[in-house]
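Quick notes on the structure that follows.
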Amino acid sequence: MSAPVSATPDPSVTTDHAARTVRPTGGGVTLRAFLLRPFVVPFALLVAVGAAVVVGVGRNEAQLQAVEDAQARMLLVNALSTQISVMENGQRGYVITGSPSFLGPYRDGESTFRASVFALRDLSFNDLQRERLSLVEAAVNEWQERAARPEIAARTDSLRQAAALVSTGVGRDLLNDAREVTELMQAAESERLRDATRASQTTLNTVQWVSISGLLLTGALLLLTAYRVTRTVTRSLGELNAGARDMAAGQYGRRMPRTGVQELAQLGEQFDRMALAVQEREQALHDSAEALRASNTHLERSNRELEQFAYVASHDLQEPLRTIGSYTELLARRYQGKLDARADQYIAFTTSATQRMKTLIQDLLAYSRVRKAPRATQPVDTAALVRDVLADLEQQILAEQAVVEVQDLPTLNSSPELLRHAFQNLIGNALKFRDPQRPPHVQVSAHRREHAGQDSWVFQVHDNGIGIEPEYHERIFGVFQRLHGMEEYPGSGIGLAVTRSAAEQLGGHLWVDSLPGVGSTFSLALPVQAATPEPTDATPTDTRAPQAPAGDHP
């Protein structure tokens with residue numbers, strides 16, 4: 001950019017030296033310290049509350065463990081009492097009935113009793129509990145030795161003998177002793193369970209009270225601190241905002257108020273410096289914008305004139321070229337074989353060059369029409385349009401022994417003329433740039449998907465031809481860009497440029513994916529909702545129906 005031009009002073013702006021001087025930033029506290037210092041006390045209180053909660057939770061966990069242990073011991077003591085009853089009922093049932101089915105519960109109860117004794121011994125709370133457990137176990141063992149087993153053995157021989165043993169009451173007394181001890185154990189565990197539960201509840205209440213009180217106090221301190229901090233910051237920012245608003249309105253002589261926060265003071269200083277810089281550069285930018293606008297206007301006019309010239313020149317060249325071609329053909333028919341071989345060769349060269357020149361001119365005209373002519377959209381059945389294109393290319397398809405597959409294609413709002421240009425060039429290229437080792441195989445398909453942020457139909461023309469090197473994927477879309485000589489693949493090198501221009505006119509995009517020796521896939525993305533055509537400058541048009549140029553990609 002050129003050196004800034006001094007702006008014309010605004011009468012409303014103070015331009016004296018004092019108004020243009022920026023005050024240096026003074027002392028004050030940093031913004032970080034200003035914001036963080038008031039929160040130290042609430043944060044410390046919050047940490048203390050958190051520590052108290054952690055301690056309380058740890059203590060409550062220990063108390064809950066005591067509750068769980070007491071519950072487990074209570075269950076085991078109840079199991080002892082239950083299994084004593086089960087063994088007694090099973091033994092008595094056998095003695096009374098003599099049925100062996102009563103011995104099953106007796107033996108199961110005995111096994112469960114032993115397991116409960118073993119488990120309760122591991123969970124015993126103190127020596128007194130272990131002593132009582134030993135008394136219960138001893139009483140049950142003595143009952144089995146002195147009553148249960150002898151009575152069971154006697155019942156095997158006779159009911160009378162077993163009844164005599166039962167009548168002594170030894171077994172009943174021993175089991176009553178065992179039950180008395182288990183009742184003592186149950187009472188003790190119930191007391192421990194109540195104590196542990198009360199302690200846990202007390203701890204929870206304390207933690208709850210400390211948490212709520214601490215949080216309420218911390219919240220109150222935070223609200224008070226936040227109010228004071230935000231009031232100060234809001235007031236300072238409001239003053240800065242008012243000053244910036246005045247500067248934005250053109251009052252560049254306005255200076256920002258001083259504040260005790262270093263960062264805000266520095267920001268105000270930067271606003272002051274910015275106002276000075278804007279005041280000095282505003283006129284320079286205005287002058288640059290005017291120069292750029294004039295340059296753009298001149299460039300647009302030059303582009304229109306250049307395109308007009310290309311169109312008119314191409315159109316006007318056709319008449320003398322047709323004359324040259326006609327007289328060259330007359331020479332060839334009349335004097336073929338009458339002159340020497342070199343003359344026949346010269347005539348053939350002239351005829352071939354004239355035909356190439358004619359093709360180039362027609363392609364240039366088509367390219368100009370695509371770029372400049374206004375296009376009206378209408379519903380286009382692309383399947384029918386592709387069938388018409390294939391009918392035009394029928395001779396080429398038959399000559400190349402090509403296979404062309406066309407999938408279901410949609411109907412969309414577009415320009416039929418531009419779409420015909422596009423499909424004729426793309427399918428024609430797929431047939432022309434074939435691999436010599438295999439017949440052409442062309443697939444035409446369409447898929448609806450999102451492309452470039454809008455709902456689009458993406459048409460694809462896939463071939464199994466010679467393919468394109470990656471470094472040429474963009475070059476082939478330029479005008480007169482060829483990758484092969486005329487002897488290998490004829491054409492003007494304009495076809496893909498016309499196709500891309502048509503895609504852009506329709507608000508779409510054209511690109512290629514290709515691998516050398518494998519084939520190419522040309523993709524044409526068109527929006528489902530057709531764009532409204534923009535008005536264009538009037539350009540002379542040929543009254544004849546335009547022909548699609550012979551497309552070239554390599």
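Residues in the structure tokens are named by chain (A, B, ... in the order shown) and by number from 1 within that chain; ligands are numbered from 1 in the order shown.
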Legend entry - Neighbour list for Phe102 in chain A as a ChimeraX atom specification, cut-off 12 Å, only C-alpha atoms, skip fewer than 6 positions in-chain: /A:86-96,108-109,152
Legend entry - Close residues, Gln529 in chain A itself excluded, 12 Å, only C-alpha atoms, min 6 positions apart in chain, as a PyMOL selection string: chain A and resi 377-379+411-414+454-457+506-508
Please write the residues from the selection above to a file, keeping N, CA, C and O atoms, as a PDB file, in the first residue's frame.
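Resulting contents of part_19.pdb:
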ATOM      1  N   THR A 377     -33.708 -21.103 -16.374  1.00  0.00           N
ATOM      2  CA  THR A 377     -33.807 -22.482 -15.913  1.00  0.00           C
ATOM      3  C   THR A 377     -35.210 -23.014 -16.129  1.00  0.00           C
ATOM      4  O   THR A 377     -36.191 -22.260 -16.155  1.00  0.00           O
ATOM      5  N   GLN A 378     -35.289 -24.315 -16.280  1.00  0.00           N
ATOM      6  CA  GLN A 378     -36.560 -25.000 -16.448  1.00  0.00           C
ATOM      7  C   GLN A 378     -36.354 -26.447 -16.018  1.00  0.00           C
ATOM      8  O   GLN A 378     -35.218 -26.918 -15.902  1.00  0.00           O
ATOM      9  N   PRO A 379     -37.422 -27.201 -15.745  1.00  0.00           N
ATOM     10  CA  PRO A 379     -37.248 -28.612 -15.400  1.00  0.00           C
ATOM     11  C   PRO A 379     -36.598 -29.375 -16.558  1.00  0.00           C
ATOM     12  O   PRO A 379     -37.050 -29.302 -17.697  1.00  0.00           O
ATOM     13  N   THR A 411     -34.642 -35.446 -12.527  1.00  0.00           N
ATOM     14  CA  THR A 411     -35.124 -34.240 -13.191  1.00  0.00           C
ATOM     15  C   THR A 411     -34.881 -33.063 -12.247  1.00  0.00           C
ATOM     16  O   THR A 411     -35.252 -33.127 -11.070  1.00  0.00           O
ATOM     17  N   LEU A 412     -34.268 -31.986 -12.731  1.00  0.00           N
ATOM     18  CA  LEU A 412     -33.963 -30.852 -11.884  1.00  0.00           C
ATOM     19  C   LEU A 412     -34.087 -29.562 -12.674  1.00  0.00           C
ATOM     20  O   LEU A 412     -34.068 -29.574 -13.911  1.00  0.00           O
ATOM     21  N   ASN A 413     -34.251 -28.460 -11.968  1.00  0.00           N
ATOM     22  CA  ASN A 413     -34.328 -27.154 -12.607  1.00  0.00           C
ATOM     23  C   ASN A 413     -32.938 -26.709 -13.031  1.00  0.00           C
ATOM     24  O   ASN A 413     -32.047 -26.548 -12.190  1.00  0.00           O
ATOM     25  N   SER A 414     -32.749 -26.513 -14.336  1.00  0.00           N
ATOM     26  CA  SER A 414     -31.431 -26.132 -14.828  1.00  0.00           C
ATOM     27  C   SER A 414     -31.594 -25.596 -16.242  1.00  0.00           C
ATOM     28  O   SER A 414     -32.714 -25.418 -16.753  1.00  0.00           O
ATOM     29  N   GLN A 454     -24.506 -27.383   0.577  1.00  0.00           N
ATOM     30  CA  GLN A 454     -25.867 -27.282   0.048  1.00  0.00           C
ATOM     31  C   GLN A 454     -26.293 -28.620  -0.554  1.00  0.00           C
ATOM     32  O   GLN A 454     -25.465 -29.439  -0.969  1.00  0.00           O
ATOM     33  N   ASP A 455     -27.610 -28.823  -0.577  1.00  0.00           N
ATOM     34  CA  ASP A 455     -28.188 -30.046  -1.132  1.00  0.00           C
ATOM     35  C   ASP A 455     -27.953 -30.057  -2.647  1.00  0.00           C
ATOM     36  O   ASP A 455     -28.367 -29.121  -3.350  1.00  0.00           O
ATOM     37  N   SER A 456     -27.286 -31.109  -3.143  1.00  0.00           N
ATOM     38  CA  SER A 456     -26.859 -31.113  -4.550  1.00  0.00           C
ATOM     39  C   SER A 456     -27.076 -32.481  -5.180  1.00  0.00           C
ATOM     40  O   SER A 456     -27.121 -33.509  -4.494  1.00  0.00           O
ATOM     41  N   TRP A 457     -27.210 -32.445  -6.511  1.00  0.00           N
ATOM     42  CA  TRP A 457     -27.119 -33.658  -7.334  1.00  0.00           C
ATOM     43  C   TRP A 457     -25.698 -33.709  -7.884  1.00  0.00           C
ATOM     44  O   TRP A 457     -25.244 -32.761  -8.521  1.00  0.00           O
ATOM     45  N   LEU A 506     -24.252 -22.474 -13.698  1.00  0.00           N
ATOM     46  CA  LEU A 506     -25.392 -23.123 -13.042  1.00  0.00           C
ATOM     47  C   LEU A 506     -25.233 -23.158 -11.519  1.00  0.00           C
ATOM     48  O   LEU A 506     -26.044 -23.782 -10.835  1.00  0.00           O
ATOM     49  N   GLY A 507     -24.191 -22.508 -10.999  1.00  0.00           N
ATOM     50  CA  GLY A 507     -23.981 -22.486  -9.555  1.00  0.00           C
ATOM     51  C   GLY A 507     -23.403 -23.777  -9.022  1.00  0.00           C
ATOM     52  O   GLY A 507     -23.526 -24.065  -7.823  1.00  0.00           O
ATOM     53  N   GLY A 508     -22.764 -24.579  -9.904  1.00  0.00           N
ATOM     54  CA  GLY A 508     -22.220 -25.862  -9.486  1.00  0.00           C
ATOM     55  C   GLY A 508     -20.709 -25.882  -9.505  1.00  0.00           C
ATOM     56  O   GLY A 508     -20.040 -24.854  -9.520  1.00  0.00           O
TER      57      GLY A 508
END
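For the atom pair formed by CA of Phe423 in chain A and CA of Asp408 in chain A, the distance is 15.0 Å, given to one decimal.
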Inset, instruction - Considering only C-alpha atoms, state which residue in the set A:Leu292, A:Ile324, A:Val458, A:Leu128 is at the smallest distance from Pro410 in chain A. - result: A:Val458
Legend entry - Polymer residues at most 10 Å from Leu426 in chain A, only C-alpha atoms, same-chain spacing of 5 or more positions, as a list in words: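 The residues that qualify are Arg420, His421, Leu431, Lys432, Val444, Gln460, Val461, His462, Asp463, Gly495, Leu496, Thr499, Thr521, Phe522, Ser523, Leu524, Ala550, Gly551, Asp552 and His553 of chain A.
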Inset, instruction - Please measure the separation of CA of Gln424 in chain A and CA of Ser445 in chain A, giving the value in Å to one decimal. - result: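 CA of Gln424 in chain A sits 14.6 Å away from CA of Ser445 in chain A.
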Residues at most 9 Å from Leu165 in chain A, counting only C-alpha atoms, excluding those fewer than 6 positions away in the same chain, as an mmCIF file with all heavy atoms, in the first residue's frame?
data_model
loop_
_atom_site.group_PDB
_atom_site.id
_atom_site.type_symbol
_atom_site.label_atom_id
_atom_site.label_comp_id
_atom_site.auth_asym_id
_atom_site.auth_seq_id
_atom_site.Cartn_x
_atom_site.Cartn_y
_atom_site.Cartn_z
ATOM 1 N N ALA A 147 -27.899 -87.020 74.055
ATOM 2 C CA ALA A 147 -29.324 -87.158 73.815
ATOM 3 C C ALA A 147 -29.647 -87.524 72.374
ATOM 4 O O ALA A 147 -30.285 -88.544 72.109
ATOM 5 C CB ALA A 147 -30.041 -85.870 74.205
ATOM 6 N N PRO A 150 -27.909 -90.980 70.952
ATOM 7 C CA PRO A 150 -28.435 -92.183 71.615
ATOM 8 C C PRO A 150 -29.918 -92.412 71.335
ATOM 9 O O PRO A 150 -30.348 -93.548 71.141
ATOM 10 C CB PRO A 150 -28.184 -91.900 73.102
ATOM 11 C CG PRO A 150 -27.019 -90.968 73.108
ATOM 12 C CD PRO A 150 -27.203 -90.113 71.917
ATOM 13 N N GLU A 151 -30.721 -91.366 71.320
ATOM 14 C CA GLU A 151 -32.153 -91.525 71.064
ATOM 15 C C GLU A 151 -32.408 -92.011 69.639
ATOM 16 O O GLU A 151 -33.310 -92.823 69.413
ATOM 17 C CB GLU A 151 -32.864 -90.195 71.309
ATOM 18 C CG GLU A 151 -32.879 -89.797 72.778
ATOM 19 C CD GLU A 151 -33.426 -88.407 72.994
ATOM 20 O OE1 GLU A 151 -33.864 -87.783 71.981
ATOM 21 O OE2 GLU A 151 -33.426 -87.914 74.130
ATOM 22 N N ALA A 154 -31.493 -95.647 69.652
ATOM 23 C CA ALA A 154 -32.488 -96.451 70.357
ATOM 24 C C ALA A 154 -33.748 -96.588 69.528
ATOM 25 O O ALA A 154 -34.379 -97.666 69.528
ATOM 26 C CB ALA A 154 -32.803 -95.816 71.712
#
Inset, instruction - Write out as an MDAnalysis selection string each polymer residue whose atoms come within 12 Å of Gln201 in chain A, counting only C-alpha atoms; drop sequence neighbours fewer than 5 positions from it. - result: chainID A and resid 56:57 59:61 63:64 67 194:196 206:208
